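K.L.:
Have a look at the structure that comes next, please.
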Amino acid sequence: MTFTSPSKPVLVRADKAETLQDGATSLITLLADANATGGALTANRATLHKGSPGAPAHFHTRATEMFYVLNGSMRILLDDQILTLGQGDFLTVPPTVPHAFAPAPDSEAEMLVVFTPGMDRFDYYRLLERVYQGEASVQDIRDSSEQFDNHYFESPVWQQELARR
């Protein structure tokens, strides 16, 4: 990706941000994609209600993903360990490090999620919503793994954690 400086600051008003429903118990609010930030970053807000499965085990090859917990409690798979993050906690996950996330049992959570360098990911989130609405398939997600740098895999550690209530 070629990096250019944005020609002006990026301001996204809360009432103007696009919000997508990617599952029965989660929302993604789109804040700034790579094209708005000159490739510097991509940012969204993840709202995860009680019982949300969150994001399955995956890794990225081209970007660092950062998580800042705005409220609630999150459980995070990092390699083969489970971490619990609370309000105000911050985590960076470098490229190729396996990870997943979901709210802690009996908790709701909101997180600011940032990728750097930025990737054009908003269309990926829109694809997730189309899958939830039955307008696209899980195979479409698999087929987009290189384009959106999302590489999913089976994690027995994460599956065991999700089974825990």
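By order in the structure tokens, chains are A, B, ...; within a chain, residues start at 1; ligands start at 1, following the order shown.
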Write out as a PyMOL selection string each polymer residue whose atoms come within 8 Å of region 9-15 of chain A, counting only C-alpha atoms; drop sequence neighbours fewer than 5 positions from it.

P.N.:
chain A and resi 31-32+36-37

K.L.:
Neighbouring residues of Arg142 (chain A) were defined as those with any atom within 9 Å, considering only C-alpha atoms; residues of the same chain fewer than 6 positions away were excluded. Please report them as a list in words.

P.N.:
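Near neighbours after the sequence-gap exclusion: Asn150, His151 and Tyr152 of chain A.
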
K.L.:
Include N, CA, C and O atoms and write out the residues we just selected as a compact mmCIF listing (two decimals), in the first residue's frame.

P.N.:
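Output file again_30.txt is given in full below:
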# COMPACT_ATOMS: atom_id res chain seq x y z
N ASN A 150 -7.54 -11.10 6.41
CA ASN A 150 -8.13 -11.83 7.54
C ASN A 150 -7.93 -13.30 7.26
O ASN A 150 -8.50 -13.84 6.31
N HIS A 151 -7.15 -13.96 8.09
CA HIS A 151 -6.82 -15.36 7.89
C HIS A 151 -7.32 -16.15 9.10
O HIS A 151 -6.73 -16.08 10.17
N TYR A 152 -8.43 -16.87 8.90
CA TYR A 152 -9.08 -17.60 9.99
C TYR A 152 -8.49 -18.99 10.14
O TYR A 152 -8.00 -19.58 9.18

K.L.:
Chain A: which residues are alpha helix (DSSP H) by DSSP, as a list of chain:residue names?

P.N.:
A:Phe122, A:Asp123, A:Tyr124, A:Tyr125, A:Arg126, A:Leu127, A:Leu128, A:Glu129, A:Arg130, A:Val131, A:Tyr132, A:Val138, A:Gln139, A:Asp140, A:Ile141, A:Arg142, A:Asp143, A:Ser145, A:Glu146, A:Gln147, A:Phe148, A:Pro156, A:Val157, A:Trp158, A:Gln159, A:Gln160, A:Glu161, A:Leu162, A:Ala163

K.L.:
Considering only C-alpha atoms, return as a list in words whatever protein or nucleic-acid residues lie within 8 Å of Leu77 (chain A), sequence-local ones (same chain, fewer than 5 positions apart) excluded.

P.N.:
Ala57, Ile82, Leu83, Pro98, His99, Ala100, Phe101 and Trp158 of chain A

K.L.:
Only C-alpha atoms, please: the residues just picked out, written as a tab-separated table (two decimals), in the first residue's frame.

P.N.:
chain	number	residue	atom	x	y	z
A	57	ALA	CA	-9.52	-16.96	15.74
A	82	ILE	CA	-6.64	-16.10	27.12
A	83	LEU	CA	-6.43	-12.56	28.47
A	98	PRO	CA	-3.11	-15.32	16.27
A	99	HIS	CA	-5.95	-13.63	18.14
A	100	ALA	CA	-9.72	-13.56	18.69
A	101	PHE	CA	-12.06	-11.58	20.91
A	158	TRP	CA	-10.60	-20.34	21.81

K.L.:
Among chain A, which ones does DSSP place in strand (DSSP E), written as a ChimeraX atom specification?

P.N.:
/A:19-23,26-32,42-48,55-59,64-78,81-86,90-93,99-103,109-116,151-152

K.L.:
How many Å separate CA of Met119 (chain A) from CA of Val97 (chain A)?

P.N.:
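So the answer is 17.3 Å.
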
K.L.:
Would you please work out which residue, of A:Gln139, A:Asn44, A:Thr61, A:Thr96, is nearest to Leu112 (chain A) when using only C-alpha atoms?

P.N.:
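Counting only C-alpha atoms, the residue closest to Leu112 (chain A) is A:Asn44.
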
K.L.:
Please identify all polymer residues within 9 Å of Tyr124 (chain A), counting only C-alpha atoms, omitting same-chain residues fewer than 6 positions from it, and present them as a CSV table (one decimal) with all heavy atoms, in the first residue's frame.

P.N.:
chain,number,residue,atom,x,y,z
A,141,ILE,N,-16.7,-14.8,2.7
A,141,ILE,CA,-15.7,-14.3,3.6
A,141,ILE,C,-14.4,-15.1,3.4
A,141,ILE,O,-13.3,-14.4,3.4
A,141,ILE,CB,-16.2,-14.5,5.1
A,141,ILE,CG1,-17.4,-13.6,5.3
A,141,ILE,CG2,-15.1,-14.3,6.1
A,141,ILE,CD1,-18.1,-13.9,6.7
A,144,SER,N,-12.4,-13.8,0.5
A,144,SER,CA,-11.9,-12.5,0.7
A,144,SER,C,-10.7,-12.4,1.6
A,144,SER,O,-10.2,-11.3,1.9
A,144,SER,CB,-13.0,-11.5,1.1
A,144,SER,OG,-13.3,-11.8,2.5
A,147,GLN,N,-7.7,-10.4,0.2
A,147,GLN,CA,-8.1,-9.0,0.0
A,147,GLN,C,-8.1,-8.2,1.3
A,147,GLN,O,-7.6,-7.1,1.3
A,147,GLN,CB,-9.4,-8.9,-0.7
A,147,GLN,CG,-9.9,-7.5,-1.0
A,147,GLN,CD,-11.3,-7.5,-1.6
A,147,GLN,OE1,-11.9,-8.5,-1.9
A,147,GLN,NE2,-11.8,-6.3,-1.8
A,148,PHE,N,-8.8,-8.7,2.3
A,148,PHE,CA,-9.0,-8.0,3.6
A,148,PHE,C,-8.0,-8.4,4.7
A,148,PHE,O,-8.1,-7.9,5.8
A,148,PHE,CB,-10.4,-8.2,4.0
A,148,PHE,CG,-11.4,-7.6,3.1
A,148,PHE,CD1,-12.4,-8.4,2.5
A,148,PHE,CD2,-11.4,-6.3,2.8
A,148,PHE,CE1,-13.3,-7.9,1.6
A,148,PHE,CE2,-12.3,-5.7,1.9
A,148,PHE,CZ,-13.3,-6.5,1.3

K.L.:
With distances taken over only C-alpha atoms, which residue among A:Glu154, A:Asp33, A:Asp149, A:Asp89 lies nearest Phe122 (chain A)?

P.N.:
A:Asp33

K.L.:
Fewer than 4 positions away in the same chain doesn't count, so skip those; otherwise give me all residues within 9 Å of Gly23 (chain A), counting only C-alpha atoms, as a ChimeraX atom specification.

P.N.:
/A:27,52-54,128-129,131-133

K.L.:
Write to file, as a PDB file, in the first residue's frame, the residues of the selection just made, with N, CA, C and O atoms.

P.N.:
ATOM      1  N   LEU A  27     -22.418  -4.944  16.823  1.00  0.00           N
ATOM      2  CA  LEU A  27     -22.469  -3.838  15.873  1.00  0.00           C
ATOM      3  C   LEU A  27     -21.050  -3.358  15.600  1.00  0.00           C
ATOM      4  O   LEU A  27     -20.190  -3.411  16.484  1.00  0.00           O
ATOM      5  N   SER A  52     -22.267 -12.421  22.681  1.00  0.00           N
ATOM      6  CA  SER A  52     -21.717 -12.268  21.336  1.00  0.00           C
ATOM      7  C   SER A  52     -20.527 -13.207  21.148  1.00  0.00           C
ATOM      8  O   SER A  52     -19.663 -13.299  22.022  1.00  0.00           O
ATOM      9  N   PRO A  53     -20.454 -13.894  19.999  1.00  0.00           N
ATOM     10  CA  PRO A  53     -19.288 -14.741  19.739  1.00  0.00           C
ATOM     11  C   PRO A  53     -18.057 -13.932  19.364  1.00  0.00           C
ATOM     12  O   PRO A  53     -16.958 -14.478  19.282  1.00  0.00           O
ATOM     13  N   GLY A  54     -18.222 -12.624  19.126  1.00  0.00           N
ATOM     14  CA  GLY A  54     -17.071 -11.782  18.785  1.00  0.00           C
ATOM     15  C   GLY A  54     -16.452 -12.185  17.469  1.00  0.00           C
ATOM     16  O   GLY A  54     -17.140 -12.603  16.541  1.00  0.00           O
ATOM     17  N   LEU A 128     -19.602  -8.753   6.167  1.00  0.00           N
ATOM     18  CA  LEU A 128     -20.090  -9.448   7.359  1.00  0.00           C
ATOM     19  C   LEU A 128     -21.576  -9.184   7.584  1.00  0.00           C
ATOM     20  O   LEU A 128     -22.331 -10.097   7.921  1.00  0.00           O
ATOM     21  N   GLU A 129     -21.998  -7.938   7.388  1.00  0.00           N
ATOM     22  CA  GLU A 129     -23.412  -7.624   7.554  1.00  0.00           C
ATOM     23  C   GLU A 129     -24.254  -8.345   6.502  1.00  0.00           C
ATOM     24  O   GLU A 129     -25.325  -8.872   6.817  1.00  0.00           O
ATOM     25  N   VAL A 131     -23.593 -11.187   5.107  1.00  0.00           N
ATOM     26  CA  VAL A 131     -23.674 -12.595   5.517  1.00  0.00           C
ATOM     27  C   VAL A 131     -24.734 -12.745   6.600  1.00  0.00           C
ATOM     28  O   VAL A 131     -25.583 -13.639   6.538  1.00  0.00           O
ATOM     29  N   TYR A 132     -24.717 -11.857   7.593  1.00  0.00           N
ATOM     30  CA  TYR A 132     -25.711 -11.910   8.668  1.00  0.00           C
ATOM     31  C   TYR A 132     -27.136 -11.784   8.106  1.00  0.00           C
ATOM     32  O   TYR A 132     -28.050 -12.463   8.560  1.00  0.00           O
ATOM     33  N   GLN A 133     -27.314 -10.953   7.088  1.00  0.00           N
ATOM     34  CA  GLN A 133     -28.632 -10.744   6.495  1.00  0.00           C
ATOM     35  C   GLN A 133     -29.010 -11.814   5.473  1.00  0.00           C
ATOM     36  O   GLN A 133     -30.087 -11.767   4.893  1.00  0.00           O
TER      37      GLN A 133
END
